[in-house]
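Here is the structure we will look at.
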Amino acid sequence: MRAMVRRGAREGLLRGTFGNVSVRVEGGLLITPTATDYLKLTAGDFVAVDLESGRASAGRPSSELPLHLAIYRALPSVQAIWHDHSPFAVAAGLVADQVPIFTGEGHGLIGRSLPVAPYLPSGSVALADAAARALAEAGAGACLLRNHGAVAVGPSLFAAYSCAIAVEEAAMHYLLTRDLHPAKLDDAEADAIRAAFAAYRMR
């Protein structure tokens with residue numbers, strides 16, 4: 001987990017102390033701590049949290065802990081969550097209610113489109129519930145949070161991280177082509193790609 005978080009920081013998805021990452025474990029989750037330089041994380045910095053009570057065993061979990069709790073509770077298949085403030089994702093969430101997907105990897109990891117949850121205060125239960133609802137209703141692997149960032153989920157941490165990359169690329173494709181006429185894959189092909197990625201089970 002530490003290696004993947006550091007990788008995300010080196011590659012610019014996690015900037016400074018912004019964003020947070022978690023994985024589901026037996027009885028709860030492990031989440032990044034609040035206000036910590038991700039390039040200096042140690043294995044002991046991650047915070048264990050009980051899924052039912054939401055209480056941390058020790059340490060200071062990310063301020064976005066409610067977001068992670070809500071998604072894990074609403075979507076039992078989710079095993080990892082990646083939340084970042086990557087620039088294209090933030091920009092797309094300012095101007096779109098839904099971001100179209102144009103590429104195979106985007107369809108495979110995200111779905112037919114990328115939903116945008118409404119703006120709500122960071123760290124609030126209301127934001128957490130809105131994000132979990134957006135993911136569930138769209139059946140998507142990710143969603144944008146208006147005026148905030150992106151949330152990507154997956155069956156593993158590497159899958160959630162890969163989905164976060166796909167989100168940033170999908171947002172960039174949308175912003176670069178939204179005044180043009182970009183070619184889209186039809187729904188049947190998009191669904192076939194999504195099913196193939198599910199069978200592939202990225203690790």
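All residue names refer to the structure tokens as shown: chains lettered A, B, ... in order, residues numbered from 1 in each chain, ligands numbered from 1 in order.
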
Could you name the residues that touch Ala134 (chain A) at 12 Å or less, counting only C-alpha atoms, but leaving out those on the same chain fewer than 5 positions away, as a PyMOL selection string?
chain A and resi 70-71+74-75+97-98+113-118+127-129+139-146+150-152

So which residues touch Val49 (chain A) within 9 Å, counting only C-alpha atoms, skipping near sequence neighbours fewer than 2 positions away, as an mmCIF file with C-alpha atoms, in the first residue's frame?
data_model
loop_
_atom_site.group_PDB
_atom_site.id
_atom_site.type_symbol
_atom_site.label_atom_id
_atom_site.label_comp_id
_atom_site.auth_asym_id
_atom_site.auth_seq_id
_atom_site.Cartn_x
_atom_site.Cartn_y
_atom_site.Cartn_z
ATOM 1 C CA GLY A 27 -13.547 -5.854 9.810
ATOM 2 C CA GLY A 28 -12.605 -2.473 8.448
ATOM 3 C CA LEU A 29 -10.106 -0.534 6.389
ATOM 4 C CA LEU A 30 -6.613 0.919 6.317
ATOM 5 C CA ILE A 31 -6.478 4.564 5.269
ATOM 6 C CA VAL A 47 -4.611 4.110 10.181
ATOM 7 C CA LEU A 51 -16.018 -0.249 9.322
ATOM 8 C CA GLU A 52 -19.097 -0.489 11.534
ATOM 9 C CA SER A 53 -18.283 2.140 14.154
ATOM 10 C CA GLY A 54 -15.976 4.301 12.043
ATOM 11 C CA ARG A 55 -13.522 4.520 14.943
ATOM 12 C CA ALA A 56 -9.764 4.516 14.388
ATOM 13 C CA SER A 57 -7.679 2.202 16.543
ATOM 14 C CA ALA A 58 -4.894 4.812 16.733
ATOM 15 C CA PRO A 61 -7.156 9.096 9.680
ATOM 16 C CA LEU A 65 -12.750 9.075 6.209
#

(message) Taking only region 36-73 of chain A into account, list the residues labelled strand (DSSP E) by DSSP (computed from the backbone), as a VMD selection string.
(response) chain A and resid 47 to 50

Can I get the selection written as a short mmCIF file (atom, residue, chain, number, x, y, z; two decimals), in the first residue's frame, with N, CA and C atoms?
data_model
loop_
_atom_site.label_atom_id
_atom_site.label_comp_id
_atom_site.auth_asym_id
_atom_site.auth_seq_id
_atom_site.Cartn_x
_atom_site.Cartn_y
_atom_site.Cartn_z
N VAL A 47 -3.72 4.17 9.02
CA VAL A 47 -4.61 4.11 10.18
C VAL A 47 -5.68 3.03 9.97
N ALA A 48 -5.80 2.14 10.94
CA ALA A 48 -6.83 1.10 10.90
C ALA A 48 -8.14 1.67 11.47
N VAL A 49 -9.23 1.42 10.74
CA VAL A 49 -10.54 1.95 11.14
C VAL A 49 -11.57 0.83 11.10
N ASP A 50 -12.39 0.75 12.12
CA ASP A 50 -13.48 -0.22 12.16
C ASP A 50 -14.59 0.24 11.21
#

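Near Arg6 (chain A), within 8 Å and counting only C-alpha atoms, sit Arg2, Arg10, Tyr38, Leu39 and Leu41 of chain A; same-chain residues fewer than 4 positions away were not included.
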
Could you write out the selected residues, including N, CA and C atoms, as a tab-separated table (two decimals), in the first residue's frame?
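That gives us selection-v7.tsv:
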chain	number	residue	atom	x	y	z
A	2	ARG	N	1.92	1.25	0.84
A	2	ARG	CA	2.81	2.41	0.89
A	2	ARG	C	3.45	2.67	-0.47
A	10	ARG	N	4.49	10.40	-6.75
A	10	ARG	CA	5.55	10.66	-7.73
A	10	ARG	C	4.97	10.98	-9.11
A	38	TYR	N	3.04	12.30	1.40
A	38	TYR	CA	2.92	10.92	0.92
A	38	TYR	C	4.25	10.32	0.52
A	39	LEU	N	5.21	11.13	0.15
A	39	LEU	CA	6.52	10.59	-0.22
A	39	LEU	C	7.33	10.17	1.00
A	41	LEU	N	5.71	8.59	3.72
A	41	LEU	CA	4.89	7.64	4.46
A	41	LEU	C	5.68	6.40	4.86

What separates CA of Asp187 (chain A) and CA of Asp84 (chain A) is a distance of 28.2 Å

Query raised in the report: Of the residues A:Leu120, A:Met1, A:Ala138, A:Ala171, which is the one nearest to Asp45 (chain A), using only C-alpha atoms?
Result: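 Ranking A:Leu120, A:Met1, A:Ala138, A:Ala171 by distance to Asp45 (chain A), first place goes to A:Met1.
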
Find the residue from A:Val25, A:Ala164, A:Ile101, A:Ala96 that sits nearest to Asp186 (chain A); use only C-alpha atoms when measuring.
->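 Residue with the minimum atom-to-atom distance to Asp186 (chain A): A:Ile101.
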
Nearest to Thr17 (chain A) among A:Arg73, A:His68, A:His83, A:Arg133, with distances taken over only C-alpha atoms: which residue is it?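 Smallest distance to Thr17 (chain A) is found for A:His83.
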
Pro155 (chain A): which residues within 12 Å, counting only C-alpha atoms, same-chain residues fewer than 6 positions away excluded, as a list in words?
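Final neighbour list, sorted by chain and number: Ser22, Val23, Arg24, Tyr72, Leu75, Pro76, Ser77, Val78, Gln79, Ala80, Ile81, Trp82, Leu109, Gly141, Tyr161, Ser162, Cys163, Phe197, Ala198, Ala199, Tyr200, Arg201, Met202 and Arg203 of chain A.
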
Would you save the residues from that selection as a tab-separated table (two decimals), in the first residue's frame, using N, CA and C atoms?
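Once everything was written out, this is out-v4.tsv:
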chain	number	residue	atom	x	y	z
A	22	SER	N	-7.38	4.17	0.53
A	22	SER	CA	-7.67	3.15	1.54
A	22	SER	C	-7.83	1.79	0.90
A	23	VAL	N	-7.70	0.75	1.72
A	23	VAL	CA	-7.99	-0.62	1.29
A	23	VAL	C	-8.87	-1.26	2.35
A	24	ARG	N	-9.75	-2.12	1.89
A	24	ARG	CA	-10.61	-2.86	2.81
A	24	ARG	C	-9.81	-4.00	3.43
A	72	TYR	N	-17.54	1.94	1.12
A	72	TYR	CA	-17.38	0.53	1.50
A	72	TYR	C	-18.71	-0.05	2.01
A	75	LEU	N	-21.11	-0.36	-1.18
A	75	LEU	CA	-20.64	-1.19	-2.30
A	75	LEU	C	-19.71	-2.28	-1.77
A	76	PRO	N	-20.27	-3.41	-1.35
A	76	PRO	CA	-19.45	-4.47	-0.75
A	76	PRO	C	-18.37	-5.03	-1.67
A	77	SER	N	-18.52	-4.88	-2.98
A	77	SER	CA	-17.53	-5.42	-3.90
A	77	SER	C	-16.26	-4.56	-3.96
A	78	VAL	N	-16.35	-3.33	-3.51
A	78	VAL	CA	-15.19	-2.43	-3.55
A	78	VAL	C	-14.18	-2.84	-2.48
A	79	GLN	N	-12.94	-3.02	-2.93
A	79	GLN	CA	-11.87	-3.41	-2.02
A	79	GLN	C	-10.82	-2.31	-1.80
A	80	ALA	N	-10.88	-1.28	-2.62
A	80	ALA	CA	-9.92	-0.18	-2.47
A	80	ALA	C	-10.51	1.09	-3.04
A	81	ILE	N	-10.11	2.24	-2.47
A	81	ILE	CA	-10.61	3.55	-2.88
A	81	ILE	C	-9.42	4.49	-3.05
A	82	TRP	N	-9.45	5.23	-4.15
A	82	TRP	CA	-8.39	6.22	-4.44
A	82	TRP	C	-9.08	7.56	-4.68
A	109	LEU	N	-12.54	0.46	-17.19
A	109	LEU	CA	-12.29	0.78	-15.79
A	109	LEU	C	-13.37	1.65	-15.16
A	141	GLY	N	-16.96	2.87	-12.08
A	141	GLY	CA	-15.77	2.63	-11.30
A	141	GLY	C	-15.20	3.89	-10.69
A	161	TYR	N	-6.14	2.54	-8.45
A	161	TYR	CA	-5.13	3.48	-8.94
A	161	TYR	C	-5.20	3.58	-10.47
A	162	SER	N	-5.32	2.44	-11.15
A	162	SER	CA	-5.42	2.45	-12.61
A	162	SER	C	-6.68	3.18	-13.06
A	163	CYS	N	-7.76	3.01	-12.32
A	163	CYS	CA	-9.00	3.71	-12.63
A	163	CYS	C	-8.82	5.21	-12.44
A	197	PHE	N	-13.03	-6.40	-19.10
A	197	PHE	CA	-12.14	-5.93	-18.04
A	197	PHE	C	-12.49	-6.59	-16.71
A	198	ALA	N	-13.78	-6.81	-16.46
A	198	ALA	CA	-14.20	-7.47	-15.21
A	198	ALA	C	-13.66	-8.89	-15.16
A	199	ALA	N	-13.66	-9.57	-16.30
A	199	ALA	CA	-13.14	-10.94	-16.35
A	199	ALA	C	-11.62	-10.94	-16.21
A	200	TYR	N	-10.99	-9.89	-16.70
A	200	TYR	CA	-9.53	-9.77	-16.64
A	200	TYR	C	-9.03	-9.65	-15.21
A	201	ARG	N	-9.82	-8.97	-14.36
A	201	ARG	CA	-9.54	-8.83	-12.93
A	201	ARG	C	-8.12	-8.31	-12.68
A	202	MET	N	-7.91	-7.05	-13.02
A	202	MET	CA	-6.61	-6.40	-12.83
A	202	MET	C	-6.15	-6.52	-11.37
A	203	ARG	N	-4.88	-6.82	-11.19
A	203	ARG	CA	-4.34	-6.99	-9.83
A	203	ARG	C	-3.48	-5.81	-9.43

Next item on the list: Considering only C-alpha atoms, state which residue in the set A:Gly16, A:Pro100, A:Gly111, A:Pro66 is at the smallest distance from Val153 (chain A).
Entry: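 With only C-alpha atoms as the atom set, the closest residue is A:Gly111.
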
Given only C-alpha atoms as the counted atoms, nearest of A:Arg15, A:Arg7, A:Lys40, A:Lys184 to Arg112 (chain A):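 Looking only at the distances to Arg112 (chain A), the closest residue turns out to be A:Lys184.
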
Using Å and a single decimal, report how far CA of Thr42 (chain A) sits from CA of Ala89 (chain A).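 These two atoms are separated by 27.9 Å.
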
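Take the candidates A:Val21, A:Ala35, A:Ala166, A:Leu14 and check each one against Gly104 (chain A) using only C-alpha atoms; the shortest distance goes to A:Ala166.
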
Pro182 (chain A): which residues within 12 Å, counting only C-alpha atoms, same-chain residues fewer than 3 positions away excluded, as a list in words?
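Answer for this query is Pro100, Ile101, Phe102, Thr103, His173, Tyr174, Leu175, Leu176, Thr177, Arg178, Asp179 and Leu185 of chain A.
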
Write the residues of the selection above to a file with C-alpha atoms, as a JSON list (two decimals), in the first residue's frame.
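Wrote result-v7.json, looks like this:
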[["chain", "number", "residue", "atom", "x", "y", "z"],
["A", 100, "PRO", "CA", -18.37, 10.95, -21.69],
["A", 101, "ILE", "CA", -15.87, 8.13, -22.12],
["A", 102, "PHE", "CA", -14.11, 7.67, -25.45],
["A", 103, "THR", "CA", -11.46, 4.97, -24.95],
["A", 173, "HIS", "CA", -10.08, 13.97, -23.46],
["A", 174, "TYR", "CA", -13.41, 15.60, -22.65],
["A", 175, "LEU", "CA", -11.95, 19.06, -22.03],
["A", 176, "LEU", "CA", -9.83, 18.96, -25.18],
["A", 177, "THR", "CA", -12.66, 17.83, -27.47],
["A", 178, "ARG", "CA", -15.91, 19.15, -25.97],
["A", 179, "ASP", "CA", -16.27, 21.90, -28.59],
["A", 185, "LEU", "CA", -17.91, 3.81, -29.09]]

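A straight line drawn from CA of Val90 (chain A) to CA of Gly108 (chain A) is 21.5 Å long.
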
Exercise. Looking only at helix (DSSP H, G or I) from DSSP on the backbone, list the matching residues of region 13-184 of chain A as a PyMOL selection string.
Key: chain A and resi 38-40+43-45+65-74+87-95+104-109+125-138+157-177
